[in-house]
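run_25.cif, holding mmCIF, C-alpha atoms and all ligand atoms:
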data_query
#
loop_
_atom_site.label_atom_id
_atom_site.label_comp_id
_atom_site.auth_asym_id
_atom_site.auth_seq_id
_atom_site.Cartn_x
_atom_site.Cartn_y
_atom_site.Cartn_z
CA MET A 5 0.00 0.00 0.00
CA THR A 6 1.16 3.54 -0.65
CA VAL A 7 -0.23 6.99 0.03
CA GLY A 8 -2.94 7.95 -2.46
CA ILE A 9 -2.91 11.15 -4.51
CA VAL A 10 -5.93 13.27 -5.40
CA ILE A 11 -5.75 16.07 -7.97
CA VAL A 12 -8.39 18.83 -7.81
CA SER A 13 -8.38 21.46 -10.54
CA HIS A 14 -10.93 23.99 -11.74
CA SER A 15 -10.47 22.47 -15.19
CA PRO A 16 -11.40 18.85 -15.95
CA ASP A 17 -8.72 18.90 -18.67
CA VAL A 18 -5.98 20.06 -16.30
CA ALA A 19 -6.99 17.41 -13.73
CA LYS A 20 -6.96 14.68 -16.37
CA GLY A 21 -3.67 15.91 -17.88
CA ALA A 22 -1.95 16.05 -14.48
CA ALA A 23 -3.24 12.54 -13.72
CA ASP A 24 -1.85 11.30 -17.07
CA MET A 25 1.55 12.74 -16.16
CA VAL A 26 1.46 11.03 -12.75
CA ARG A 27 0.56 7.71 -14.36
CA GLN A 28 3.41 8.04 -16.83
CA MET A 29 5.87 8.73 -13.99
CA VAL A 30 4.79 6.12 -11.45
CA GLY A 31 2.53 3.69 -13.27
CA ASN A 32 -0.53 2.25 -11.58
CA GLU A 33 0.89 1.42 -8.15
CA VAL A 34 -0.04 4.70 -6.53
CA PRO A 35 -3.79 5.08 -5.91
CA LEU A 36 -4.88 8.13 -7.86
CA GLY A 37 -8.07 10.15 -8.03
CA PHE A 38 -8.70 13.35 -9.93
CA CYS A 39 -11.53 15.73 -10.65
CA GLY A 40 -12.18 19.11 -12.16
CA GLY A 41 -15.12 21.26 -13.03
CA ASN A 42 -18.20 22.53 -11.23
CA PRO A 43 -21.34 20.38 -10.87
CA ASP A 44 -22.39 21.41 -14.41
CA GLY A 45 -19.00 20.56 -15.91
CA GLY A 46 -17.86 24.17 -16.41
CA LEU A 47 -14.70 25.57 -14.81
CA GLY A 48 -14.89 25.25 -11.04
CA THR A 49 -14.78 22.57 -8.38
CA SER A 50 -17.39 20.34 -6.81
CA VAL A 51 -17.48 18.90 -3.30
CA GLU A 52 -19.36 15.89 -4.67
CA LYS A 53 -16.65 15.18 -7.25
CA ILE A 54 -13.88 15.71 -4.70
CA LEU A 55 -15.50 13.18 -2.34
CA ALA A 56 -15.70 10.70 -5.24
CA ALA A 57 -12.04 11.29 -6.15
CA ILE A 58 -10.96 10.75 -2.53
CA ASP A 59 -12.95 7.54 -2.51
CA ALA A 60 -11.38 6.37 -5.77
CA ALA A 61 -7.87 6.94 -4.44
CA TRP A 62 -8.52 5.82 -0.87
CA SER A 63 -5.54 4.35 0.92
CA GLU A 64 -5.26 3.51 4.61
CA ASP A 65 -1.79 5.11 4.42
CA GLY A 66 -3.48 8.41 3.70
CA ILE A 67 -4.40 10.77 0.89
CA ALA A 68 -2.50 13.83 -0.29
CA ILE A 69 -4.66 16.33 -2.18
CA LEU A 70 -3.18 18.77 -4.68
CA VAL A 71 -5.32 21.79 -5.56
CA ASP A 72 -4.97 24.66 -7.99
CA LEU A 73 -6.78 27.87 -6.98
CA GLY A 74 -8.74 29.10 -3.93
CA GLY A 75 -12.10 27.44 -4.53
CA ALA A 76 -10.43 24.06 -5.06
CA GLU A 77 -8.86 24.38 -1.63
CA THR A 78 -12.02 25.59 0.14
CA ASN A 79 -14.11 22.87 -1.48
CA SER A 80 -11.49 20.22 -0.63
CA GLU A 81 -11.47 21.34 3.01
CA MET A 82 -15.25 21.14 3.04
CA ALA A 83 -15.18 17.66 1.51
CA ILE A 84 -12.69 16.46 4.14
CA GLU A 85 -14.89 17.78 6.94
CA MET A 86 -17.81 15.79 5.63
CA LEU A 87 -15.93 12.50 5.98
CA PRO A 88 -15.92 10.32 9.10
CA GLU A 89 -13.22 11.21 11.65
CA GLU A 90 -11.10 8.12 10.96
CA ARG A 91 -10.76 9.16 7.33
CA ARG A 92 -10.44 12.89 7.98
CA GLN A 93 -7.23 12.51 9.96
CA LYS A 94 -5.58 10.63 7.10
CA ILE A 95 -6.05 13.37 4.49
CA VAL A 96 -3.83 16.40 3.90
CA ILE A 97 -3.97 19.25 1.40
CA CYS A 98 -0.54 20.13 0.01
CA ASN A 99 0.47 23.72 -0.52
CA ALA A 100 2.10 23.10 -3.89
CA PRO A 101 1.58 23.76 -7.59
CA VAL A 102 -1.00 21.25 -8.78
CA VAL A 103 0.81 19.59 -11.71
CA GLU A 104 4.38 19.51 -10.43
CA GLY A 105 3.14 18.85 -6.90
CA ALA A 106 1.10 15.85 -8.03
CA VAL A 107 4.05 14.33 -9.87
CA MET A 108 6.47 14.92 -6.97
CA ALA A 109 3.96 13.67 -4.39
CA ALA A 110 3.20 10.55 -6.41
CA THR A 111 6.89 9.82 -6.87
CA GLU A 112 7.47 10.08 -3.12
CA ALA A 113 4.41 7.89 -2.46
CA TRP A 114 5.63 5.32 -4.99
CA GLY A 115 8.97 5.21 -3.16
CA GLY A 116 7.17 4.30 0.05
CA GLY A 117 7.09 7.70 1.70
CA SER A 118 4.67 8.37 4.56
CA LEU A 119 1.85 10.89 4.24
CA ALA A 120 4.07 13.50 5.95
CA ASP A 121 6.94 12.70 3.54
CA VAL A 122 4.65 13.03 0.55
CA LYS A 123 3.32 16.38 1.73
CA ARG A 124 6.81 17.71 2.49
CA THR A 125 8.15 16.62 -0.89
CA ALA A 126 5.30 18.30 -2.75
CA GLU A 127 5.66 21.47 -0.70
CA GLU A 128 9.38 21.76 -1.43
CA LEU A 129 8.17 23.22 -4.72
CA SER A 130 6.51 26.16 -2.98
CA PRO A 131 8.40 29.31 -2.03
CA GLN A 132 8.75 29.38 1.76
CA MET B 104 -40.89 36.18 16.22
CA ALA B 105 -41.71 33.15 14.09
CA LEU B 106 -39.65 33.35 10.92
CA PRO B 107 -41.54 32.79 7.64
CA LEU B 108 -38.75 30.51 6.51
CA GLU B 109 -40.20 29.41 3.21
CA THR B 110 -41.04 32.95 2.07
CA LEU B 111 -37.61 34.10 3.20
CA LEU B 112 -35.90 31.40 1.22
CA ASP B 113 -38.05 31.96 -1.87
CA THR B 114 -37.29 35.67 -1.83
CA VAL B 115 -33.57 35.22 -1.19
CA SER B 116 -33.42 32.64 -4.01
CA ALA B 117 -35.35 34.83 -6.46
CA ARG B 118 -33.24 37.93 -5.72
CA ILE B 119 -29.94 36.06 -6.03
CA ILE B 120 -31.03 34.32 -9.23
CA SER B 121 -32.14 37.59 -10.83
CA ALA B 122 -28.90 39.31 -9.75
CA ALA B 123 -26.75 36.61 -11.38
CA ASP B 124 -25.54 38.85 -14.20
CA GLU B 125 -24.70 41.71 -11.87
CA LEU B 126 -22.77 39.43 -9.49
CA THR B 127 -20.88 37.84 -12.36
CA ALA B 128 -20.01 41.27 -13.73
CA LEU B 129 -18.61 42.29 -10.31
CA ASP B 130 -16.64 39.05 -10.17
CA SER B 131 -15.28 39.56 -13.67
CA ALA B 132 -13.77 42.86 -12.55
CA ILE B 133 -11.71 41.35 -9.72
CA GLY B 134 -12.21 37.57 -9.78
CA ASP B 135 -13.03 34.81 -12.20
CA ALA B 136 -16.49 35.88 -13.40
CA ASP B 137 -18.39 32.97 -11.90
CA HIS B 138 -20.01 34.25 -8.70
CA GLY B 139 -23.43 35.00 -10.20
CA LEU B 140 -23.61 31.77 -12.15
CA ASN B 141 -22.45 29.73 -9.17
CA MET B 142 -24.93 31.31 -6.76
CA LYS B 143 -27.72 30.92 -9.33
CA ARG B 144 -26.93 27.21 -9.72
CA GLY B 145 -26.92 26.81 -5.93
CA PHE B 146 -30.23 28.55 -5.31
CA GLU B 147 -31.90 26.84 -8.25
CA ALA B 148 -30.87 23.55 -6.63
CA VAL B 149 -32.30 24.78 -3.32
CA GLN B 150 -35.57 25.59 -5.05
CA ALA B 151 -35.59 22.18 -6.74
CA ASP B 152 -35.05 20.49 -3.34
CA LYS B 153 -37.69 22.60 -1.58
CA ALA B 154 -40.16 19.83 -0.83
CA GLY B 155 -37.46 17.80 0.92
CA ILE B 156 -36.02 20.82 2.69
CA PHE B 157 -39.30 22.05 4.19
CA ALA B 158 -40.39 18.59 5.27
CA LYS B 159 -37.76 19.12 8.02
CA PRO B 160 -38.03 21.23 11.19
CA PRO B 161 -36.69 24.84 10.71
CA GLY B 162 -33.15 24.27 12.01
CA GLU B 163 -32.71 21.13 9.93
CA ALA B 164 -34.22 22.88 6.91
CA LEU B 165 -31.61 25.64 7.11
CA LYS B 166 -28.85 23.05 7.43
CA ALA B 167 -30.24 21.28 4.36
CA VAL B 168 -30.14 24.56 2.42
CA GLY B 169 -26.50 24.92 3.46
CA MET B 170 -25.68 21.38 2.38
CA THR B 171 -27.32 21.92 -1.02
CA LEU B 172 -25.25 25.07 -1.53
CA VAL B 173 -22.07 23.21 -0.54
CA MET B 174 -22.79 20.50 -3.08
CA LYS B 175 -24.11 22.56 -5.97
CA VAL B 176 -22.48 25.99 -6.09
CA GLY B 177 -19.16 24.82 -7.50
CA GLY B 178 -16.94 27.66 -6.28
CA ALA B 179 -15.54 28.81 -2.95
CA SER B 180 -18.87 30.53 -2.29
CA GLY B 181 -20.50 27.07 -1.94
CA PRO B 182 -18.71 26.11 1.28
CA LEU B 183 -18.89 29.73 2.45
CA TYR B 184 -22.62 30.32 2.02
CA GLY B 185 -23.18 26.67 2.95
CA THR B 186 -21.41 27.32 6.25
CA LEU B 187 -23.54 30.45 6.78
CA PHE B 188 -26.82 28.54 6.41
CA MET B 189 -25.65 25.45 8.32
CA THR B 190 -24.51 27.60 11.25
CA LEU B 191 -27.79 29.54 11.25
CA GLY B 192 -29.62 26.21 11.29
CA LYS B 193 -27.60 25.09 14.27
CA GLU B 194 -27.79 28.33 16.25
CA LEU B 195 -31.24 29.84 15.66
CA PRO B 196 -33.84 29.09 18.34
CA GLU B 197 -37.45 28.35 17.36
CA ASN B 198 -38.82 31.90 17.76
CA PRO B 199 -35.74 34.11 17.64
CA SER B 200 -35.57 37.64 18.99
CA VAL B 201 -33.57 40.22 17.05
CA ALA B 202 -30.67 39.64 19.42
CA ASP B 203 -30.95 35.87 18.76
CA LEU B 204 -30.66 36.61 15.05
CA GLY B 205 -27.55 38.65 15.82
CA ARG B 206 -26.01 35.88 17.93
CA ALA B 207 -26.69 33.25 15.25
CA LEU B 208 -25.28 35.49 12.52
CA GLN B 209 -22.26 36.25 14.70
CA ALA B 210 -21.67 32.50 15.11
CA SER B 211 -21.83 32.21 11.32
CA VAL B 212 -19.32 35.03 10.94
CA THR B 213 -16.94 33.18 13.27
CA ALA B 214 -17.40 29.95 11.29
CA LEU B 215 -16.89 31.83 8.01
CA LYS B 216 -13.66 33.39 9.21
CA ALA B 217 -12.32 29.89 9.84
CA ARG B 218 -13.69 28.44 6.62
CA GLY B 219 -12.38 31.25 4.41
CA LYS B 220 -9.26 32.03 6.49
CA ALA B 221 -10.38 35.62 6.23
CA ASP B 222 -11.20 38.47 8.55
CA ILE B 223 -13.25 41.64 8.54
CA GLY B 224 -11.58 44.20 6.27
CA ASN B 225 -10.29 41.67 3.73
CA LYS B 226 -12.88 42.71 1.11
CA THR B 227 -15.20 39.71 1.44
CA MET B 228 -18.77 38.84 2.40
CA LEU B 229 -17.61 39.18 6.03
CA ASP B 230 -17.49 42.94 5.55
CA VAL B 231 -21.29 42.91 5.23
CA LEU B 232 -22.21 40.01 7.51
CA GLY B 233 -19.87 41.10 10.33
CA PRO B 234 -21.24 44.63 10.81
CA VAL B 235 -24.84 43.43 10.39
CA ALA B 236 -24.36 40.68 13.00
CA ALA B 237 -22.86 43.16 15.47
CA HIS B 238 -25.70 45.64 14.83
CA LEU B 239 -28.38 42.96 15.37
CA GLU B 240 -26.67 41.79 18.54
CA SER B 241 -26.71 45.30 19.96
CA GLY B 242 -30.48 44.89 20.30
CA SER B 243 -31.30 48.35 18.92
CA ALA B 244 -31.62 47.32 15.27
CA SER B 245 -34.63 48.26 13.14
CA ILE B 246 -35.36 46.74 9.76
CA GLU B 247 -34.53 50.08 8.18
CA SER B 248 -31.19 50.39 9.97
CA VAL B 249 -30.19 46.83 9.06
CA ARG B 250 -31.00 47.37 5.40
CA ALA B 251 -29.08 50.64 5.32
CA LEU B 252 -26.09 49.09 7.08
CA ALA B 253 -25.95 46.18 4.63
CA THR B 254 -25.97 48.53 1.64
CA GLU B 255 -23.42 50.88 3.16
CA SER B 256 -21.16 47.97 4.17
CA ALA B 257 -21.18 46.46 0.67
CA LYS B 258 -20.25 49.89 -0.74
CA ALA B 259 -17.47 50.17 1.81
CA THR B 260 -15.71 47.20 0.17
CA ILE B 261 -15.08 49.30 -2.98
CA PRO B 262 -11.96 51.07 -1.68
CA MET B 263 -10.69 47.96 0.14
CA LYS B 264 -7.78 45.87 -1.10
CA ALA B 265 -8.50 42.16 -1.41
CA ILE B 266 -6.43 39.88 0.82
CA ARG B 267 -8.29 36.62 0.20
CA GLY B 268 -9.54 34.78 -2.86
CA ARG B 269 -8.76 35.27 -6.51
CA ALA B 270 -9.11 39.04 -6.14
CA SER B 271 -6.02 39.08 -3.93
CA PHE B 272 -3.88 38.21 -6.98
CA LEU B 273 -4.71 41.68 -8.27
CA GLY B 274 -3.21 43.43 -5.26
CA ASP B 275 -3.85 47.18 -5.51
CA ARG B 276 -5.82 46.67 -8.72
CA SER B 277 -8.62 45.10 -6.64
CA ILE B 278 -9.24 48.58 -5.20
CA GLY B 279 -12.16 50.44 -6.75
CA HIS B 280 -14.52 47.50 -7.26
CA MET B 281 -17.25 46.21 -4.97
CA ASP B 282 -16.62 42.70 -3.68
CA PRO B 283 -19.10 40.29 -5.32
CA GLY B 284 -19.53 38.26 -2.12
CA ALA B 285 -20.25 41.42 -0.14
CA ARG B 286 -22.87 42.32 -2.75
CA SER B 287 -24.54 38.88 -2.66
CA SER B 288 -24.64 39.10 1.15
CA GLU B 289 -26.20 42.56 0.90
CA ILE B 290 -28.83 41.19 -1.51
CA MET B 291 -29.71 38.39 0.93
CA ILE B 292 -29.97 40.69 3.93
CA THR B 293 -32.07 43.18 1.96
CA ALA B 294 -34.37 40.33 0.89
CA VAL B 295 -34.78 39.20 4.50
CA CYS B 296 -35.54 42.78 5.61
CA ASP B 297 -38.12 43.17 2.84
CA VAL B 298 -39.89 39.92 3.76
CA LEU B 299 -39.94 40.78 7.47
CA GLU B 300 -41.37 44.15 6.56
CA GLY B 301 -44.09 42.44 4.53
CA LYS B 302 -42.97 43.47 1.04
CA PRO B 303 -41.27 40.51 -0.63
MG MG C 401 -15.42 33.72 -8.49
#

What do you get writing this file as C-alpha cells?
Amino acid sequence: MTVGIVIVSHSPDVAKGAADMVRQMVGNEVPLGFCGGNPDGGLGTSVEKILAAIDAAWSEDGIAILVDLGGAETNSEMAIEMLPEERRQKIVICNAPVVEGAVMAATEAWGGGSLADVKRTAEELSPQ
Amino acid sequence: MALPLETLLDTVSARIISAADELTALDSAIGDADHGLNMKRGFEAVQADKAGIFAKPPGEALKAVGMTLVMKVGGASGPLYGTLFMTLGKELPENPSVADLGRALQASVTALKARGKADIGNKTMLDVLGPVAAHLESGSASIESVRALATESAKATIPMKAIRGRASFLGDRSIGHMDPGARSSEIMITAVCDVLEGKP
C-alpha cells in the first residue's frame, strides 16, 4: 500500500492531464483520483466530485490532495470535513503547484514515503 | 418572532437568481467571473429540493439549504454560504428575537472566518455580515437600519484591497470594485428585511 494522490483542478482537462503525467511517472501502483469542473462541468470545483475522487484513491496510508486555486482548496477542506473522523485525519492538502506537486507527491508515495513525507516533498516546490 | 422561513428562502433565491448577471459582472472585474452563475446554480438547486427541505423542522431545513449550496455551487462561495446557512440552522432558536438573530449570525461570521481564512476588512462577504451581526446583537436594530447598514457595508468594500480569494492576486488593482460576495450578502440581507417588513 502507498499513500494515495488526489488532484483537484478547476479544469477537468488540467486534472486529467496532471493525472496522465502522474501515471506516466509512477505507473498504476499509486492510488490516484482526480476531478475538475463545477457540478455542471464548467470551470470550477465540486465537493461531490472531490469526495468521489478521494474515494477512488482511498488508501489507509493516507491521501495527499493537490489543488490549484482558492475554490479548489475551500471545497477540498469542506469535503474532508464531511468524511468520518477516521478518514479525515488521514487526508492532507498540500500547498504546492497542482501539476508539479502531483508528480512529486506521487513519486514520493511510490517510493514508500509516509503521508508527511509526501506532503513535504510536494511542498518543497513552494516558495517558503 | 416566528420566521416565515419558506417565504424568506423563496425571496432570497429569487433575488440572487435575478442578480446573477450583476454578481458575475462584479466578479469579472476582480475575480473569475463565476459568482453569479455559481450562486444561481446553488439557489436553483435549493428551489428544486424545496419539498425535501421544508419537510424538516426549521433548524434542519436551514442546514439542508446549506448542504445543497455546498454540493451545488461549484466555487468557494459554496462552502462559504453553505457554512452560513448550516450555522444559522444550528444556532437559531425556534422563535428568535432580534438579538438571537444577531447571535446566530455572529456564530456564522466566526465559522466563516475559519472556513475562508479571512477576517473583517479583507474585502469579502464578512465585511457585510460582520457589521450586520454586530448591529443585530446590539439589540437596537430596526429593519430600516439593518437594510441601510448592509448597503453601506457592501459599498465600503469598494476602496478595500483584497487579501483573500482570486481578487487578492490583483493586489492594488482590486481597489475600486465592490466585492461580489459582499454584494450577494447585501442582496440576501435586503431580501430578509423586505420579507420581514411584509414586502417581498
Ligand atoms: Mg469567483

(request) Up to 7 Å from chain B, what residues of chain A turn up? Count only C-alpha atoms and give them as a list in words. (result) Asn42, Pro43, Gly48, Thr49, Ser50, Val51, Glu52, Gly74, Gly75, Thr78, Asn79 and Met82 of chain A

(request) Find the distance between CA of Glu104 in chain A and CA of Arg91 in chain A and write it in Å to one decimal. (result) 25.5 Å

(request) Extract, using all atoms listed in the file, all DNA, RNA and protein residues at most 8 Å from Glu300 in chain B, discarding same-chain residues fewer than 3 positions from it, and format them as a list in words. (result)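 Once the nearby chain positions are removed, what remains is Ile246, Cys296 and Asp297 of chain B.
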
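A straight line drawn from CA of Ser118 in chain A to CA of Ala22 in chain A is 21.6 Å long.
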
(request) Would you please work out which residue, of A:Ile67, A:Val12, A:Met25, A:Ala76, is nearest to ligand MG 401 (chain C) when using all atoms listed in the file? (result)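 Of all the options, A:Ala76 lies closest to ligand MG 401 (chain C).
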
(message) Using Å and a single decimal, report how far CA of Ala126 in chain A sits from CA of Val103 in chain A.
(response)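 It comes out at 10.1 Å.
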
(message) as number ranges by chain, please: the residues near Arg124 in chain A (cut-off 12 Å, only C-alpha atoms, same-chain neighbours under 3 positions excluded).
(response) A: 68, 96-100, 105, 108-110, 112-113, 117-121, 127-130, 132

Residues as selected, C-alpha atoms, written as a JSON list (two decimals), keeping the file's coordinate frame, can you do that?
[["chain", "number", "residue", "atom", "x", "y", "z"],
["A", 68, "ALA", "CA", -2.50, 13.83, -0.29],
["A", 96, "VAL", "CA", -3.83, 16.40, 3.90],
["A", 97, "ILE", "CA", -3.97, 19.25, 1.40],
["A", 98, "CYS", "CA", -0.54, 20.13, 0.01],
["A", 99, "ASN", "CA", 0.47, 23.72, -0.52],
["A", 100, "ALA", "CA", 2.10, 23.10, -3.89],
["A", 105, "GLY", "CA", 3.14, 18.85, -6.90],
["A", 108, "MET", "CA", 6.47, 14.92, -6.97],
["A", 109, "ALA", "CA", 3.96, 13.67, -4.39],
["A", 110, "ALA", "CA", 3.20, 10.55, -6.41],
["A", 112, "GLU", "CA", 7.47, 10.08, -3.12],
["A", 113, "ALA", "CA", 4.41, 7.89, -2.46],
["A", 117, "GLY", "CA", 7.09, 7.70, 1.70],
["A", 118, "SER", "CA", 4.67, 8.37, 4.56],
["A", 119, "LEU", "CA", 1.85, 10.89, 4.24],
["A", 120, "ALA", "CA", 4.07, 13.50, 5.95],
["A", 121, "ASP", "CA", 6.94, 12.70, 3.54],
["A", 127, "GLU", "CA", 5.66, 21.47, -0.70],
["A", 128, "GLU", "CA", 9.38, 21.76, -1.43],
["A", 129, "LEU", "CA", 8.17, 23.22, -4.72],
["A", 130, "SER", "CA", 6.51, 26.16, -2.98],
["A", 132, "GLN", "CA", 8.75, 29.38, 1.76]]

(request) Identify which of the residues A:Cys39, A:Glu64, A:Val30, A:Val10 lies closest to Glu90 in chain A, counting all atoms listed in the file when measuring atom-to-atom distances. (result)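 Looking at the shortest contact to Glu90 in chain A, the residue is A:Glu64.
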
(request) Identify which of the residues B:Ile278, B:Ile156, B:Val201, B:Leu252 lies closest to Leu299 in chain B, counting all atoms listed in the file when measuring atom-to-atom distances. (result) B:Val201

(request) For Glu247 in chain B, please output as a PyMOL selection string all residues within 12 Å (counting all atoms listed in the file; exclusion window: fewer than 2 positions along the same chain). (result) chain B and resi 235+238-239+243-245+249-254+292-293+295-297+299-300

(message) Would you pick out the contacts of range 113-123 of chain B at 9 Å or less, using all atoms listed in the file, so that residues sharing its chain but fewer than 2 positions from it are not included, and give the list as number ranges by chain?
(response) B: 108-111, 125-128, 138-147, 149-150, 287, 290-295, 297-298, 303

(message) Applying 9 Å and only C-alpha atoms, which residues near Asp152 in chain B remain after dropping the ones on its own chain fewer than 5 positions away? List them as a list in words.
(response)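 Residues near the query, excluding close chain neighbours: Glu147, Phe157, Val168 and Thr171 of chain B.
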
Suppose we keep C-alpha atoms; can you now write the selection as a PDB file, in the frame of the given file?
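Here's the written file part.pdb:
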ATOM      1  CA  GLU B 147     -31.900  26.840  -8.250  1.00  0.00           C
ATOM      2  CA  PHE B 157     -39.300  22.050   4.190  1.00  0.00           C
ATOM      3  CA  VAL B 168     -30.140  24.560   2.420  1.00  0.00           C
ATOM      4  CA  THR B 171     -27.320  21.920  -1.020  1.00  0.00           C
TER       5      THR B 171
END

(request) Compare B:Leu215, B:Ala132, B:Gln209, B:Met189 by their minimum atom-to-atom distance to Ile261 in chain B, counting all atoms listed in the file, and give me the closest one. (result)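 Residue with the minimum atom-to-atom distance to Ile261 in chain B: B:Ala132.
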
(request) Give the answer as one residue: which of B:Glu240, B:Glu255, B:Asp282, B:Glu289 has the shortest atom-to-atom distance to ligand MG 401 (chain C), using only C-alpha atoms and all ligand atoms? (result)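 Smallest distance to ligand MG 401 (chain C) is found for B:Asp282.
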
(request) Pick out the closest residue to ligand MG 401 (chain C) from this set: B:Ala136, B:Ala214, B:Leu191, B:Leu129. Count only C-alpha atoms and all ligand atoms. (result) B:Ala136

(request) List every protein, DNA or RNA residue with an atom no more than 10 Å from (-23.6, 32.0, 9.8) in the file's coordinates, counting only C-alpha atoms, and format the result as a PyMOL selection string. (result) chain B and resi 169+183-195+204-215+232-233+236

All heavy atoms restored at range 177-184 of chain B, emitted as a short mmCIF file (atom, residue, chain, number, x, y, z; two decimals), in the frame of the given file:
data_model
loop_
_atom_site.label_atom_id
_atom_site.label_comp_id
_atom_site.auth_asym_id
_atom_site.auth_seq_id
_atom_site.Cartn_x
_atom_site.Cartn_y
_atom_site.Cartn_z
N GLY B 177 -20.29 25.06 -6.61
CA GLY B 177 -19.16 24.82 -7.50
C GLY B 177 -18.05 25.85 -7.45
O GLY B 177 -17.19 25.89 -8.31
N GLY B 178 -18.05 26.72 -6.49
CA GLY B 178 -16.94 27.66 -6.28
C GLY B 178 -16.72 27.78 -4.79
O GLY B 178 -17.41 27.13 -4.00
N ALA B 179 -15.80 28.65 -4.38
CA ALA B 179 -15.54 28.81 -2.95
C ALA B 179 -16.80 29.31 -2.23
O ALA B 179 -16.98 29.06 -1.04
CB ALA B 179 -14.39 29.78 -2.73
N SER B 180 -17.68 30.01 -2.96
CA SER B 180 -18.87 30.53 -2.29
C SER B 180 -19.81 29.41 -1.84
O SER B 180 -20.66 29.64 -0.99
CB SER B 180 -19.61 31.54 -3.17
OG SER B 180 -19.71 31.09 -4.49
N GLY B 181 -19.67 28.20 -2.38
CA GLY B 181 -20.50 27.07 -1.94
C GLY B 181 -20.25 26.73 -0.48
O GLY B 181 -21.17 26.82 0.35
N PRO B 182 -19.01 26.37 -0.14
CA PRO B 182 -18.71 26.11 1.28
C PRO B 182 -18.95 27.33 2.17
O PRO B 182 -19.32 27.18 3.32
CB PRO B 182 -17.23 25.74 1.27
CG PRO B 182 -16.97 25.25 -0.10
CD PRO B 182 -17.90 25.98 -1.01
N LEU B 183 -18.74 28.54 1.62
CA LEU B 183 -18.89 29.73 2.45
C LEU B 183 -20.37 29.99 2.76
O LEU B 183 -20.76 30.06 3.93
CB LEU B 183 -18.25 30.94 1.77
CG LEU B 183 -16.72 30.82 1.62
CD1 LEU B 183 -16.16 31.94 0.74
CD2 LEU B 183 -16.02 30.83 2.98
N TYR B 184 -21.20 30.12 1.74
CA TYR B 184 -22.62 30.32 2.02
C TYR B 184 -23.24 29.07 2.66
O TYR B 184 -24.17 29.16 3.45
CB TYR B 184 -23.38 30.76 0.76
CG TYR B 184 -23.25 32.24 0.52
CD1 TYR B 184 -22.51 32.74 -0.53
CD2 TYR B 184 -23.85 33.14 1.40
CE1 TYR B 184 -22.37 34.12 -0.73
CE2 TYR B 184 -23.73 34.51 1.22
CZ TYR B 184 -22.99 34.99 0.15
OH TYR B 184 -22.85 36.34 -0.03
#
